[in-house]
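As provided, my_file_12.cif (mmCIF, C-alpha atoms) reads as follows.
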data_input
loop_
_atom_site.group_PDB
_atom_site.id
_atom_site.type_symbol
_atom_site.label_atom_id
_atom_site.label_comp_id
_atom_site.auth_asym_id
_atom_site.auth_seq_id
_atom_site.Cartn_x
_atom_site.Cartn_y
_atom_site.Cartn_z
ATOM 1 C CA LEU A 1 76.591 15.134 27.758
ATOM 2 C CA ARG A 2 75.023 15.752 24.378
ATOM 3 C CA SER A 3 71.508 15.070 25.695
ATOM 4 C CA THR A 4 72.117 17.578 28.493
ATOM 5 C CA PHE A 5 73.497 20.156 26.062
ATOM 6 C CA ASN A 6 70.464 19.768 23.824
ATOM 7 C CA ARG A 7 68.165 20.720 26.735
ATOM 8 C CA LEU A 8 69.982 23.957 27.527
ATOM 9 C CA LEU A 9 68.043 27.148 27.005
ATOM 10 C CA MET A 10 71.235 29.087 26.253
ATOM 11 C CA THR A 11 74.835 28.167 25.595
ATOM 12 C CA ASN A 12 77.898 30.411 25.443
ATOM 13 C CA VAL A 13 81.219 29.253 23.993
ATOM 14 C CA ARG A 14 84.427 31.011 22.938
ATOM 15 C CA ASP A 15 84.581 29.871 19.336
ATOM 16 C CA GLU A 16 83.076 27.864 16.490
ATOM 17 C CA PHE A 17 85.495 24.982 17.126
ATOM 18 C CA THR A 18 84.083 24.388 20.616
ATOM 19 C CA SER A 19 80.548 24.750 19.320
ATOM 20 C CA SER A 20 81.084 22.145 16.592
ATOM 21 C CA LEU A 21 82.967 19.814 18.949
ATOM 22 C CA TYR A 22 79.908 19.564 21.211
ATOM 23 C CA GLU A 23 77.383 20.024 18.384
ATOM 24 C CA PHE A 24 75.719 22.991 20.075
ATOM 25 C CA LYS A 25 72.692 24.393 18.290
ATOM 26 C CA ASN A 26 72.683 28.214 18.017
ATOM 27 C CA PRO A 27 75.193 29.009 20.763
ATOM 28 C CA SER A 28 76.217 32.505 21.724
ATOM 29 C CA ILE A 29 79.843 32.824 20.652
ATOM 30 C CA THR A 30 81.687 35.396 22.737
ATOM 31 C CA VAL A 31 84.976 35.723 24.478
ATOM 32 C CA CYS A 32 85.041 34.090 27.926
ATOM 33 C CA PRO A 33 82.356 35.626 30.220
ATOM 34 C CA SER A 34 84.997 36.085 32.923
ATOM 35 C CA LEU A 35 86.124 39.129 30.930
ATOM 36 C CA TYR A 36 83.290 41.000 32.557
ATOM 37 C CA ILE A 37 85.182 40.749 35.873
ATOM 38 C CA LEU A 38 88.571 41.506 34.296
ATOM 39 C CA ASP A 39 87.126 44.577 32.596
ATOM 40 C CA ARG A 40 86.254 46.009 36.012
ATOM 41 C CA MET A 41 89.625 45.106 37.539
ATOM 42 C CA ARG A 42 91.806 46.501 34.731
ATOM 43 C CA LYS A 43 94.448 48.986 35.861
ATOM 44 C CA SER A 44 95.849 51.694 33.652
ATOM 45 C CA MET A 45 98.841 52.328 35.870
ATOM 46 C CA TYR A 46 102.442 51.613 34.892
ATOM 47 C CA LYS A 47 103.064 47.947 34.117
ATOM 48 C CA ASN A 48 106.120 46.458 35.784
ATOM 49 C CA TYR A 49 107.236 43.200 34.159
ATOM 50 C CA THR A 50 106.787 40.420 31.636
ATOM 51 C CA LEU A 51 104.724 37.507 32.935
ATOM 52 C CA TYR A 52 105.187 33.918 31.771
ATOM 53 C CA SER A 53 102.000 31.852 32.050
ATOM 54 C CA HIS A 54 102.973 28.188 31.742
ATOM 55 C CA HIS A 55 101.011 25.036 30.862
ATOM 56 C CA ASP A 56 102.718 21.779 31.976
ATOM 57 C CA GLU A 57 100.943 19.536 29.477
ATOM 58 C CA LEU A 58 101.886 21.648 26.446
ATOM 59 C CA VAL A 59 105.503 22.523 27.261
ATOM 60 C CA ASN A 60 108.103 19.992 28.366
ATOM 61 C CA GLU A 61 110.757 20.683 31.004
ATOM 62 C CA ILE A 62 113.520 21.527 28.505
ATOM 63 C CA GLU A 63 111.261 23.981 26.653
ATOM 64 C CA PHE A 64 110.090 25.422 29.980
ATOM 65 C CA GLU A 65 113.667 26.243 30.998
ATOM 66 C CA ALA A 66 114.444 27.643 27.528
ATOM 67 C CA ILE A 67 111.399 29.936 27.634
ATOM 68 C CA LYS A 68 112.279 31.194 31.127
ATOM 69 C CA THR A 69 115.869 31.867 30.015
ATOM 70 C CA LYS A 70 114.783 33.790 26.905
ATOM 71 C CA ILE A 71 112.300 35.896 28.883
ATOM 72 C CA ALA A 72 114.899 36.584 31.627
ATOM 73 C CA GLU A 73 117.366 37.798 28.960
ATOM 74 C CA PHE A 74 114.680 40.201 27.750
ATOM 75 C CA ASP A 75 113.279 41.273 31.150
ATOM 76 C CA LYS A 76 115.246 40.647 34.352
ATOM 77 C CA ALA A 77 112.126 41.456 36.414
ATOM 78 C CA TYR A 78 109.923 38.807 34.769
ATOM 79 C CA LYS A 79 107.460 36.776 36.835
ATOM 80 C CA PHE A 80 105.901 33.327 36.466
ATOM 81 C CA THR A 81 102.515 31.690 36.975
ATOM 82 C CA ASN A 82 101.053 28.311 36.156
ATOM 83 C CA ASN A 83 97.543 29.730 36.790
ATOM 84 C CA ILE A 84 96.884 27.098 39.429
ATOM 85 C CA GLN A 85 95.336 28.208 42.701
ATOM 86 C CA SER A 86 96.831 26.845 45.885
ATOM 87 C CA VAL A 87 96.895 27.538 49.596
ATOM 88 C CA GLN A 88 99.740 29.995 48.947
ATOM 89 C CA THR A 89 98.286 31.568 45.779
ATOM 90 C CA CYS A 90 94.651 32.571 45.449
ATOM 91 C CA PHE A 91 92.737 33.448 42.282
ATOM 92 C CA PHE A 92 93.011 37.229 42.793
ATOM 93 C CA GLN A 93 96.774 37.034 43.394
ATOM 94 C CA ILE A 94 97.114 35.310 40.025
ATOM 95 C CA LEU A 95 94.933 37.963 38.373
ATOM 96 C CA ASN A 96 97.039 40.712 39.957
ATOM 97 C CA LEU A 97 100.173 39.165 38.470
ATOM 98 C CA TYR A 98 98.573 39.649 35.063
ATOM 99 C CA ASN A 99 97.152 43.075 35.811
ATOM 100 C CA ASN A 100 100.584 44.440 36.757
ATOM 101 C CA SER A 101 102.284 43.026 33.642
ATOM 102 C CA ARG A 102 103.251 44.889 30.509
ATOM 103 C CA LEU A 103 103.500 41.721 28.382
ATOM 104 C CA ILE A 104 102.320 38.118 28.780
ATOM 105 C CA VAL A 105 104.177 35.152 27.305
ATOM 106 C CA THR A 106 101.910 32.143 27.469
ATOM 107 C CA SER A 107 101.473 28.528 26.510
ATOM 108 C CA ARG A 108 98.035 28.535 28.166
ATOM 109 C CA LEU A 109 94.793 29.521 26.489
ATOM 110 C CA HIS A 110 93.701 31.187 29.726
ATOM 111 C CA GLY A 111 96.914 33.185 29.733
ATOM 112 C CA ALA A 112 95.874 34.722 26.413
ATOM 113 C CA ILE A 113 92.280 35.209 27.594
ATOM 114 C CA ILE A 114 93.351 37.018 30.766
ATOM 115 C CA ALA A 115 95.887 39.134 28.849
ATOM 116 C CA TYR A 116 93.128 40.056 26.387
ATOM 117 C CA GLY A 117 90.723 40.911 29.220
ATOM 118 C CA PHE A 118 93.267 43.215 30.828
ATOM 119 C CA LYS A 119 94.213 44.659 27.410
ATOM 120 C CA ILE A 120 97.819 43.541 27.794
ATOM 121 C CA PRO A 121 99.651 42.289 24.685
ATOM 122 C CA TYR A 122 100.576 38.610 24.647
ATOM 123 C CA ILE A 123 102.880 36.244 22.817
ATOM 124 C CA ALA A 124 101.364 32.769 22.730
ATOM 125 C CA LEU A 125 103.035 29.481 21.901
ATOM 126 C CA ALA A 126 100.448 27.982 19.543
ATOM 127 C CA ARG A 127 100.314 24.344 20.597
ATOM 128 C CA ASP A 128 96.595 23.631 20.212
ATOM 129 C CA ILE A 129 93.572 24.687 18.200
ATOM 130 C CA LYS A 130 91.922 26.421 21.153
ATOM 131 C CA ILE A 131 94.588 29.109 21.430
ATOM 132 C CA ARG A 132 94.693 29.498 17.626
ATOM 133 C CA GLU A 133 90.919 29.991 17.496
ATOM 134 C CA PHE A 134 90.977 32.457 20.366
ATOM 135 C CA HIS A 135 93.720 34.473 18.667
ATOM 136 C CA ARG A 136 91.939 34.373 15.295
ATOM 137 C CA LEU A 137 88.704 35.700 16.784
ATOM 138 C CA TYR A 138 90.004 38.206 19.330
ATOM 139 C CA GLY A 139 93.675 39.002 18.638
ATOM 140 C CA ASN A 140 95.659 41.473 20.753
ATOM 141 C CA GLY A 141 98.740 39.291 20.660
ATOM 142 C CA LEU A 142 101.155 37.314 18.527
ATOM 143 C CA LEU A 143 101.311 33.566 17.938
ATOM 144 C CA ILE A 144 104.604 31.735 17.674
ATOM 145 C CA GLU A 145 105.048 28.206 16.432
ATOM 146 C CA GLY A 146 108.310 27.474 18.205
ATOM 147 C CA ILE A 147 110.380 28.704 21.120
ATOM 148 C CA ASN A 148 113.131 29.768 18.737
ATOM 149 C CA GLU A 149 110.807 32.600 17.560
ATOM 150 C CA LEU A 150 110.438 34.020 21.068
ATOM 151 C CA PRO A 151 113.486 36.370 21.199
ATOM 152 C CA GLU A 152 112.497 38.118 17.966
ATOM 153 C CA MET A 153 108.899 38.512 19.105
ATOM 154 C CA LEU A 154 109.962 39.818 22.514
ATOM 155 C CA ASN A 155 112.009 42.463 20.758
ATOM 156 C CA ASN A 156 109.160 43.261 18.330
ATOM 157 C CA ARG A 157 106.315 43.242 20.839
ATOM 158 C CA LYS A 158 105.530 46.845 19.936
ATOM 159 C CA ILE A 159 104.062 45.603 16.634
ATOM 160 C CA ILE A 160 101.128 44.153 18.586
ATOM 161 C CA SER A 161 98.204 46.454 17.941
ATOM 162 C CA LEU A 162 95.662 46.272 20.720
ATOM 163 C CA LYS A 163 92.024 46.361 19.664
ATOM 164 C CA GLU A 164 89.056 47.159 21.833
ATOM 165 C CA ILE A 165 87.933 44.316 24.080
ATOM 166 C CA LYS A 166 84.740 42.697 22.792
ATOM 167 C CA ILE A 167 82.877 43.034 26.084
ATOM 168 C CA LYS A 168 79.459 44.037 24.718
ATOM 169 C CA PRO A 169 78.577 40.541 23.415
ATOM 170 C CA VAL A 170 79.419 39.181 26.892
ATOM 171 C CA THR A 171 77.168 41.686 28.651
ATOM 172 C CA ASP A 172 74.432 41.119 26.043
ATOM 173 C CA PHE A 173 74.567 37.376 26.765
ATOM 174 C CA GLY A 174 74.368 38.118 30.514
ATOM 175 C CA GLU A 175 71.265 40.233 29.956
ATOM 176 C CA LYS A 176 69.627 37.400 27.971
ATOM 177 C CA VAL A 177 70.417 34.974 30.796
ATOM 178 C CA LYS A 178 68.883 37.375 33.338
ATOM 179 C CA SER A 179 65.767 37.730 31.187
ATOM 180 C CA ILE A 180 65.314 33.963 30.784
ATOM 181 C CA THR A 181 65.985 33.407 34.489
ATOM 182 C CA ARG A 182 63.351 35.967 35.445
ATOM 183 C CA SER A 183 60.812 34.389 33.096
ATOM 184 C CA LEU A 184 61.346 30.984 34.715
ATOM 185 C CA THR A 185 60.726 32.147 38.294
#

For the structure just supplied, provide its representation as structure tokens.
Amino acid sequence: LRSTFNRLLMTNVRDEFTSSLYEFKNPSITVCPSLYILDRMRKSMYKNYTLYSHHDELVNEIEFEAIKTKIAEFDKAYKFTNNIQSVQTCFFQILNLYNNSRLIVTSRLHGAIIAYGFKIPYIALARDIKIREFHRLYGNGLLIEGINELPEMLNNRKIISLKEIKIKPVTDFGEKVKSITRSLT
């Protein structure tokens, strides 16, 4: 892969950790480019529920049940997603679950990214460096180290200060890609 990466004209990654992991030279570091789509989909209407975005590999079955119980105690109308598309659940149905939420509880990096893109506060279970790096760079949520912290954070979610979404670097990168693409044809 490294030889392929070294031939790329442009590279975009979320954070310095990913860049150093793959030894990218001069990458564009921006939030996930998919935010461009989320930015156009964002609703400002009333948000209906708390959404739990789950990651099987990072949360075991006992923790999964404990998280669901704690969220249900806080919000009887909560909903769930594992962010996996299926015959029954398409990509836009998953995005609409997020878009209609007032708070996201997540153990998935993409749960935090989508919450950020829709400008919805999140509480993330910090189980890996990727979610920590995302939160450090972009914010708009809270990190918890353990499930036992969840009830307090659910009750204090109003302390999450939402910052503006960093969409301009994403659109700037897109413009550079367009320019390079045009010059190659």

Counting all atoms listed in the file, what is within 10 Å of Asn140 of chain A, bar same-chain residues fewer than 6 positions away, as a PDB file with C-alpha atoms, keeping the file's coordinate frame?
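Saved result, around-v6.pdb, follows:
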ATOM      1  CA  ALA A 112      95.874  34.722  26.413  1.00  0.00           C
ATOM      2  CA  ILE A 113      92.280  35.209  27.594  1.00  0.00           C
ATOM      3  CA  ALA A 115      95.887  39.134  28.849  1.00  0.00           C
ATOM      4  CA  TYR A 116      93.128  40.056  26.387  1.00  0.00           C
ATOM      5  CA  GLY A 117      90.723  40.911  29.220  1.00  0.00           C
ATOM      6  CA  LYS A 119      94.213  44.659  27.410  1.00  0.00           C
ATOM      7  CA  ILE A 120      97.819  43.541  27.794  1.00  0.00           C
ATOM      8  CA  PRO A 121      99.651  42.289  24.685  1.00  0.00           C
ATOM      9  CA  TYR A 122     100.576  38.610  24.647  1.00  0.00           C
ATOM     10  CA  ILE A 123     102.880  36.244  22.817  1.00  0.00           C
ATOM     11  CA  ILE A 160     101.128  44.153  18.586  1.00  0.00           C
ATOM     12  CA  SER A 161      98.204  46.454  17.941  1.00  0.00           C
ATOM     13  CA  LEU A 162      95.662  46.272  20.720  1.00  0.00           C
ATOM     14  CA  LYS A 163      92.024  46.361  19.664  1.00  0.00           C
ATOM     15  CA  GLU A 164      89.056  47.159  21.833  1.00  0.00           C
ATOM     16  CA  ILE A 165      87.933  44.316  24.080  1.00  0.00           C
TER      17      ILE A 165
END

Identify, on the basis of only C-alpha atoms, every residue whose closest approach to Cys32 of chain A does not exceed 10 Å; exclude the query and any residue fewer than 5 positions from it along the same chain; express the result as a PyMOL selection string. chain A and resi 12-15+110+113-114+117+134+167+170

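With only C-alpha atoms as the atoms that count, the minimum distance from Glu133 of chain A to the choices A:Leu109, A:Leu95, A:Ile147, A:Met41 is reached by A:Leu109.
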
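Residues surrounding Asp172 of chain A within 12 Å are Asn12, Ser28, Ile29, Thr30, Val31, Pro33, Tyr36, Lys166, Ile167, Lys168, Lys176, Val177, Lys178 and Ser179 of chain A [all atoms listed in the file; sequence separation below 4 positions excluded].
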
Find the residues with any atom within 9 Å of (115.2, 35.8, 22.9); use all atoms listed in the file and the coordinates as given in the file, and write the answer as a PyMOL selection string. chain A and resi 67+69-74+147-155

Would you mind listing what lies within 12 Å of Phe5 of chain A as a ChimeraX atom specification, with only C-alpha atoms counted and same-chain residues fewer than 6 positions away left out? /A:11-12,19,21-27

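Neighbouring residues of Tyr52 of chain A at 8 Å or closer, counting all atoms listed in the file and skipping chain neighbours under 4 positions away, are A:Lys68, A:Ile71, A:Tyr78, A:Lys79, A:Phe80, A:Thr81, A:Ile104, A:Val105, A:Thr106.
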
Once you have the residues from the selection above, write them out as an mmCIF file, in the coordinates of the input, restricted to C-alpha atoms.
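New file result_6.cif:
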data_model
loop_
_atom_site.group_PDB
_atom_site.id
_atom_site.type_symbol
_atom_site.label_atom_id
_atom_site.label_comp_id
_atom_site.auth_asym_id
_atom_site.auth_seq_id
_atom_site.Cartn_x
_atom_site.Cartn_y
_atom_site.Cartn_z
ATOM 1 C CA LYS A 68 112.279 31.194 31.127
ATOM 2 C CA ILE A 71 112.300 35.896 28.883
ATOM 3 C CA TYR A 78 109.923 38.807 34.769
ATOM 4 C CA LYS A 79 107.460 36.776 36.835
ATOM 5 C CA PHE A 80 105.901 33.327 36.466
ATOM 6 C CA THR A 81 102.515 31.690 36.975
ATOM 7 C CA ILE A 104 102.320 38.118 28.780
ATOM 8 C CA VAL A 105 104.177 35.152 27.305
ATOM 9 C CA THR A 106 101.910 32.143 27.469
#

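In this comparison, which uses all atoms listed in the file, the residue of A:Ile131, A:Ile37, A:Leu103, A:Met10 approaching Arg157 of chain A most closely is A:Leu103.
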
Can you work out the spacing between atom CA of Glu16 of chain A and atom CA of Asn83 of chain A in Å, to one decimal? 25.0 Å

re atom CA of Asp39 of chain A and atom CA of Arg108 of chain A: distance 19.9 Å

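Distance annotation: of A:Leu51, A:Ser86, A:Gly174, A:Glu61, the residue with the minimal separation from Ala124 of chain A is A:Leu51; atom set is only C-alpha atoms.
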
Report, in Å to a single decimal, how far apart atom CA of His55 of chain A and atom CA of Gln88 of chain A are. 18.8 Å
